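Undergrad: Have a look at this one before I ask anything.
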Amino acid sequence: MSVVRTVQQIRNAVTRLRSAGRSIALVPTMGALHAGHTSLIDAARRDAHAVVVSIFVNPTQFGPSEDFDAYPRAADADVEVCRKHAVDAVFAPSASAIYPPVDETRVRVGPLAATMCGRGRPGHFDGVCTVVAKLFAIVRPDAAYFGQKDAQQAVIIRRMASDLFLPPRIVVCPIVRGPDGLAMSSRNRFLTPDQRQQAVSLFAALGAGRDRIQQGERRAGVIVSHMARLLRAAGTCDVEYIVVVDPGTLRDVSDIHAPVLLALAVKIGSARLIDNLLVE
Ligand code: AMP
């Protein structure tokens with residue numbers, strides 16, 4: 001497994017893999033790897049690709065008051081995880097390799113970024129799409145793997161790839177959860193044991209919302225209020241949003257007659273956590 005930091009080095013590594021007849025999958029991450037990330041790596045391997053994992057805490061997707069400096073970094077452990085999961089190449093560039101001093105071009109996302117996480121994090125998805133477009137151009141993968149955990153991100157990346165005619169096939173993999181239902185996240189390590197207990201209420205609220213829909217409730221407003229009540233009862237008062245949206249367009253749904261995405265963002269202590277559930 002090669003572990004490289006420069007654009008030229010990863011291009012050379014990819015060229016070697018290609019000349020051995022392999023197709024290339026890219027798994028973009030911000031590191032502090034966990035079972036959610038490795039599920040993407042394993043899926044890419046199962047699809048018979050050589051796997052390139054990028055590890056880059058992307059500064060342009062963090063707002064000025066967000067946790068860029070505090071974001072967990074675990075470079076050595078991440079390399080070990082990649083080795084265990086038979087990754088072919090790790091690309092861990094410096095910020096200046098991706099954003100050299102002359103850099104000034106950005107991808108700008110449209111209305112898909114104006115809802116859900118985009119409301120509280122202006123510019124976040126522009127930063128995400130900019131770095132993903134750069135990684136696509138550097139690695140030139142045949143396929144790129146993302147998690148449904150970041151449901152809005154997955155929809156926006158698909159939109160960008162389609163709008164900009166970017167070649168890789170976009171593959172979105174299911175959410176990996178702990179035994180208690182909490183979705184794996186690098187930010188979970190900010191939680192104290194008590195807060196982690198409280199965080200289980202996210203999935204519980206989503207599950208309760210789904211149950212109400214499956215019992216016949218069609219009013220999205222009622223579902224949202226029900227979920228909000230459950231979060232409050234669990235002590236989770238700092239709710240950023242709870243939405244019932246169309247899974248493809250992310251537009252708010254008021255009467256539920258087709259599959260919907262239930263999604264939420266809350267703050268527990270210093271950790272901002274998101275989760276979602278597709279209700280067929
Ligand atoms: P991150 O390092 O948080 O930027 O995540 C990198 C990729 O891993 C993104 O495509 C995420 O959606 C995905 N991911 C993160 N957590 C999970 C999870 N619990 N299950 C599935 N995919 C995940």
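How things are named: the first chain in the structure tokens is A, the next is B, and so on; residues count from 1 in each chain; ligands count from 1 in the order shown.
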Env of Lys267 (chain A): 10 Å cut, atoms = only C-alpha atoms, seq-sep filter 6 positions within chain, self excluded. Answer as a PyMOL selection string.
TA: chain A and resi 199+236-240+273-274
Undergrad: Generate the output file for the selected residues, C-alpha atoms, as a compact mmCIF listing (two decimals), in the first residue's frame.
TA:
# COMPACT_ATOMS: atom_id res chain seq x y z
CA ALA A 199 -27.17 10.57 21.27
CA THR A 236 -31.64 16.77 23.49
CA CYS A 237 -32.86 20.35 23.32
CA ASP A 238 -30.40 21.86 20.86
CA VAL A 239 -32.14 20.70 17.69
CA GLU A 240 -30.90 22.42 14.50
CA LEU A 273 -24.51 15.17 14.97
CA ILE A 274 -26.63 14.32 11.94
Undergrad: Would you mind listing the residues within 6 Å of ligand 1, counting only C-alpha atoms and all ligand atoms, as a PDB file with N, CA and C atoms, in the first residue's frame?
TA:
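Saved the output as result24.pdb:
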ATOM      1  N   PRO A  28     -13.369   9.209  -0.596  1.00  0.00           N
ATOM      2  CA  PRO A  28     -12.919  10.455   0.041  1.00  0.00           C
ATOM      3  C   PRO A  28     -13.324  10.484   1.519  1.00  0.00           C
ATOM      4  N   THR A  29     -12.376  10.799   2.397  1.00  0.00           N
ATOM      5  CA  THR A  29     -12.676  10.888   3.834  1.00  0.00           C
ATOM      6  C   THR A  29     -11.918  12.063   4.449  1.00  0.00           C
ATOM      7  N   MET A  30     -12.347  12.385   5.674  1.00  0.00           N
ATOM      8  CA  MET A  30     -11.598  13.370   6.466  1.00  0.00           C
ATOM      9  C   MET A  30     -10.832  12.666   7.582  1.00  0.00           C
ATOM     10  N   GLY A  31     -10.670  11.338   7.471  1.00  0.00           N
ATOM     11  CA  GLY A  31      -9.846  10.619   8.444  1.00  0.00           C
ATOM     12  C   GLY A  31     -10.586  10.322   9.734  1.00  0.00           C
ATOM     13  N   GLY A  36     -17.876   3.076   9.564  1.00  0.00           N
ATOM     14  CA  GLY A  36     -18.612   3.686   8.448  1.00  0.00           C
ATOM     15  C   GLY A  36     -17.694   3.843   7.239  1.00  0.00           C
ATOM     16  N   HIS A  37     -16.503   4.363   7.478  1.00  0.00           N
ATOM     17  CA  HIS A  37     -15.540   4.535   6.384  1.00  0.00           C
ATOM     18  C   HIS A  37     -15.125   3.181   5.796  1.00  0.00           C
ATOM     19  N   PHE A 146     -19.523   7.007  -1.382  1.00  0.00           N
ATOM     20  CA  PHE A 146     -19.945   7.949  -0.341  1.00  0.00           C
ATOM     21  C   PHE A 146     -20.945   7.249   0.567  1.00  0.00           C
ATOM     22  N   GLY A 147     -21.176   7.824   1.754  1.00  0.00           N
ATOM     23  CA  GLY A 147     -22.098   7.218   2.712  1.00  0.00           C
ATOM     24  C   GLY A 147     -23.440   7.930   2.737  1.00  0.00           C
ATOM     25  N   GLN A 148     -24.487   7.141   2.896  1.00  0.00           N
ATOM     26  CA  GLN A 148     -25.842   7.692   3.062  1.00  0.00           C
ATOM     27  C   GLN A 148     -25.951   8.458   4.379  1.00  0.00           C
ATOM     28  N   LYS A 149     -25.001   8.251   5.287  1.00  0.00           N
ATOM     29  CA  LYS A 149     -24.960   9.012   6.550  1.00  0.00           C
ATOM     30  C   LYS A 149     -25.075  10.509   6.263  1.00  0.00           C
ATOM     31  N   ASP A 150     -24.351  10.959   5.219  1.00  0.00           N
ATOM     32  CA  ASP A 150     -24.418  12.366   4.818  1.00  0.00           C
ATOM     33  C   ASP A 150     -25.358  12.440   3.608  1.00  0.00           C
ATOM     34  N   PRO A 174     -24.977   2.187   2.556  1.00  0.00           N
ATOM     35  CA  PRO A 174     -25.855   2.366   3.721  1.00  0.00           C
ATOM     36  C   PRO A 174     -25.124   2.895   4.963  1.00  0.00           C
ATOM     37  N   ILE A 175     -25.902   3.441   5.878  1.00  0.00           N
ATOM     38  CA  ILE A 175     -25.352   3.969   7.139  1.00  0.00           C
ATOM     39  C   ILE A 175     -24.918   2.810   8.039  1.00  0.00           C
ATOM     40  N   VAL A 176     -23.723   2.915   8.591  1.00  0.00           N
ATOM     41  CA  VAL A 176     -23.258   1.930   9.573  1.00  0.00           C
ATOM     42  C   VAL A 176     -23.512   2.495  10.970  1.00  0.00           C
ATOM     43  N   ARG A 177     -24.163   1.685  11.800  1.00  0.00           N
ATOM     44  CA  ARG A 177     -24.539   2.126  13.153  1.00  0.00           C
ATOM     45  C   ARG A 177     -23.876   1.249  14.208  1.00  0.00           C
ATOM     46  N   ALA A 183     -25.374   6.277  14.707  1.00  0.00           N
ATOM     47  CA  ALA A 183     -24.600   6.224  13.465  1.00  0.00           C
ATOM     48  C   ALA A 183     -23.135   6.533  13.768  1.00  0.00           C
ATOM     49  N   MET A 184     -22.245   5.727  13.190  1.00  0.00           N
ATOM     50  CA  MET A 184     -20.804   5.972  13.366  1.00  0.00           C
ATOM     51  C   MET A 184     -20.457   7.354  12.823  1.00  0.00           C
ATOM     52  N   SER A 185     -19.633   8.082  13.564  1.00  0.00           N
ATOM     53  CA  SER A 185     -19.194   9.405  13.121  1.00  0.00           C
ATOM     54  C   SER A 185     -17.874   9.727  13.798  1.00  0.00           C
TER      55      SER A 185
END
Undergrad: Which of these, A:Ala92, A:Ala113, A:Ile170, A:Ala208, has the shortest distance to Ala44 (chain A) once you count only C-alpha atoms?
TA: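 Distance minimum relative to Ala44 (chain A) lands on A:Ile170.
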Undergrad: Would you give me, as a PyMOL selection string, the residues in region 134-181 of chain A that DSSP reads as strand (DSSP E or B)?
TA: chain A and resi 143-147+169-173+177
Undergrad: Would you put the residues from that selection into a file with all heavy atoms, as a short mmCIF file (atom, residue, chain, number, x, y, z; two decimals), in the first residue's frame?
TA:
data_model
loop_
_atom_site.label_atom_id
_atom_site.label_comp_id
_atom_site.auth_asym_id
_atom_site.auth_seq_id
_atom_site.Cartn_x
_atom_site.Cartn_y
_atom_site.Cartn_z
N ALA A 143 -15.01 5.00 -10.12
CA ALA A 143 -16.16 5.06 -9.22
C ALA A 143 -15.73 5.78 -7.94
O ALA A 143 -14.55 5.74 -7.57
CB ALA A 143 -16.67 3.65 -8.90
N ALA A 144 -16.69 6.43 -7.29
CA ALA A 144 -16.39 7.08 -6.01
C ALA A 144 -17.48 6.70 -5.03
O ALA A 144 -18.67 6.68 -5.38
CB ALA A 144 -16.33 8.60 -6.18
N TYR A 145 -17.07 6.37 -3.79
CA TYR A 145 -17.97 5.81 -2.80
C TYR A 145 -18.23 6.82 -1.68
O TYR A 145 -17.30 7.37 -1.11
CB TYR A 145 -17.36 4.51 -2.23
CG TYR A 145 -17.43 3.37 -3.22
CD1 TYR A 145 -16.68 3.40 -4.39
CD2 TYR A 145 -18.28 2.29 -3.00
CE1 TYR A 145 -16.77 2.36 -5.31
CE2 TYR A 145 -18.37 1.25 -3.91
CZ TYR A 145 -17.61 1.29 -5.07
OH TYR A 145 -17.69 0.29 -5.99
N PHE A 146 -19.52 7.01 -1.38
CA PHE A 146 -19.95 7.95 -0.34
C PHE A 146 -20.94 7.25 0.57
O PHE A 146 -21.53 6.22 0.19
CB PHE A 146 -20.59 9.19 -0.97
CG PHE A 146 -19.63 9.99 -1.81
CD1 PHE A 146 -19.45 9.70 -3.15
CD2 PHE A 146 -18.89 11.02 -1.24
CE1 PHE A 146 -18.53 10.42 -3.93
CE2 PHE A 146 -17.98 11.75 -2.01
CZ PHE A 146 -17.80 11.45 -3.36
N GLY A 147 -21.18 7.82 1.75
CA GLY A 147 -22.10 7.22 2.71
C GLY A 147 -23.44 7.93 2.74
O GLY A 147 -23.50 9.16 2.66
N ARG A 169 -18.58 6.93 -11.54
CA ARG A 169 -19.88 6.45 -11.09
C ARG A 169 -19.96 6.73 -9.59
O ARG A 169 -19.01 6.45 -8.86
CB ARG A 169 -19.94 4.94 -11.35
CG ARG A 169 -21.27 4.30 -11.23
CD ARG A 169 -21.23 2.93 -11.92
NE ARG A 169 -20.26 2.04 -11.25
CZ ARG A 169 -20.52 1.30 -10.18
NH1 ARG A 169 -21.73 1.32 -9.64
NH2 ARG A 169 -19.60 0.53 -9.66
N ILE A 170 -21.07 7.32 -9.16
CA ILE A 170 -21.22 7.65 -7.74
C ILE A 170 -21.98 6.52 -7.05
O ILE A 170 -23.10 6.18 -7.46
CB ILE A 170 -21.99 8.98 -7.55
CG1 ILE A 170 -21.34 10.11 -8.37
CG2 ILE A 170 -22.10 9.35 -6.07
CD1 ILE A 170 -19.92 10.45 -7.99
N VAL A 171 -21.36 5.92 -6.04
CA VAL A 171 -21.98 4.82 -5.31
C VAL A 171 -22.24 5.30 -3.88
O VAL A 171 -21.34 5.85 -3.23
CB VAL A 171 -21.04 3.59 -5.27
CG1 VAL A 171 -21.71 2.43 -4.54
CG2 VAL A 171 -20.63 3.18 -6.69
N VAL A 172 -23.48 5.12 -3.42
CA VAL A 172 -23.83 5.56 -2.06
C VAL A 172 -24.15 4.32 -1.23
O VAL A 172 -25.00 3.50 -1.60
CB VAL A 172 -25.02 6.54 -2.09
CG1 VAL A 172 -25.41 6.95 -0.66
CG2 VAL A 172 -24.67 7.77 -2.92
N CYS A 173 -23.44 4.17 -0.10
CA CYS A 173 -23.55 2.96 0.73
C CYS A 173 -24.35 3.24 2.00
O CYS A 173 -24.38 4.38 2.49
CB CYS A 173 -22.15 2.48 1.12
SG CYS A 173 -21.12 2.08 -0.30
N ARG A 177 -24.16 1.69 11.80
CA ARG A 177 -24.54 2.13 13.15
C ARG A 177 -23.88 1.25 14.21
O ARG A 177 -23.55 0.08 13.93
CB ARG A 177 -26.07 2.03 13.33
CG ARG A 177 -26.83 2.86 12.33
CD ARG A 177 -28.34 2.74 12.48
NE ARG A 177 -28.98 3.62 11.51
CZ ARG A 177 -29.09 4.93 11.65
NH1 ARG A 177 -28.66 5.52 12.76
NH2 ARG A 177 -29.64 5.67 10.72
#
Undergrad: Per residue of region 186-253 of chain A within 10 Å of region 154-164 of chain A, note the shortest atom pair and the distance in Å to one decimal, counting only C-alpha atoms, and order the rows by chain and increasing residue number, as JSON lines.
TA:
{"residue": "A:Pro247", "atom": "CA", "partner": "A:Val155", "partner_atom": "CA", "distance": 8.2}
{"residue": "A:Gly248", "atom": "CA", "partner": "A:Val155", "partner_atom": "CA", "distance": 6.8}
{"residue": "A:Thr249", "atom": "CA", "partner": "A:Val155", "partner_atom": "CA", "distance": 7.9}
{"residue": "A:Leu250", "atom": "CA", "partner": "A:Val155", "partner_atom": "CA", "distance": 8.2}
Undergrad: What does the file look like for those residues with N, CA and C atoms, as a compact mmCIF listing (two decimals), in the first residue's frame?
TA:
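Output saved as result-v9.txt:
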# COMPACT_ATOMS: atom_id res chain seq x y z
N PRO A 247 -36.50 12.24 -1.00
CA PRO A 247 -35.11 11.79 -0.97
C PRO A 247 -34.29 12.21 -2.19
N GLY A 248 -34.94 12.51 -3.30
CA GLY A 248 -34.19 12.88 -4.50
C GLY A 248 -33.96 14.38 -4.61
N THR A 249 -35.01 15.17 -4.28
CA THR A 249 -34.91 16.62 -4.47
C THR A 249 -34.60 17.36 -3.17
N LEU A 250 -34.77 16.68 -2.04
CA LEU A 250 -34.61 17.27 -0.70
C LEU A 250 -35.64 18.37 -0.42
Undergrad: Neighbouring residues of Gln197 (chain A) were defined as those with any atom within 12 Å, considering only C-alpha atoms; residues of the same chain fewer than 6 positions away were excluded. Please report them as number ranges by chain.
TA: A: 178, 180-182, 188, 191, 203-204, 234-236, 268
Undergrad: Filtering to C-alpha atoms, could you give me those residues as a PDB file, in the first residue's frame?
TA:
ATOM      1  CA  GLY A 178     -23.291   0.963  16.529  1.00  0.00           C
ATOM      2  CA  ASP A 180     -27.260   0.971  20.125  1.00  0.00           C
ATOM      3  CA  GLY A 181     -28.286   2.493  16.767  1.00  0.00           C
ATOM      4  CA  LEU A 182     -25.998   5.534  16.926  1.00  0.00           C
ATOM      5  CA  ASN A 188     -18.761  10.689  18.275  1.00  0.00           C
ATOM      6  CA  LEU A 191     -19.156  12.666  23.368  1.00  0.00           C
ATOM      7  CA  PHE A 203     -31.974   7.080  15.888  1.00  0.00           C
ATOM      8  CA  ALA A 204     -34.807   6.397  18.330  1.00  0.00           C
ATOM      9  CA  ALA A 234     -34.251  12.489  26.045  1.00  0.00           C
ATOM     10  CA  GLY A 235     -32.700  15.834  27.030  1.00  0.00           C
ATOM     11  CA  THR A 236     -31.640  16.769  23.486  1.00  0.00           C
ATOM     12  CA  ILE A 268     -24.937  17.478  21.976  1.00  0.00           C
TER      13      ILE A 268
END
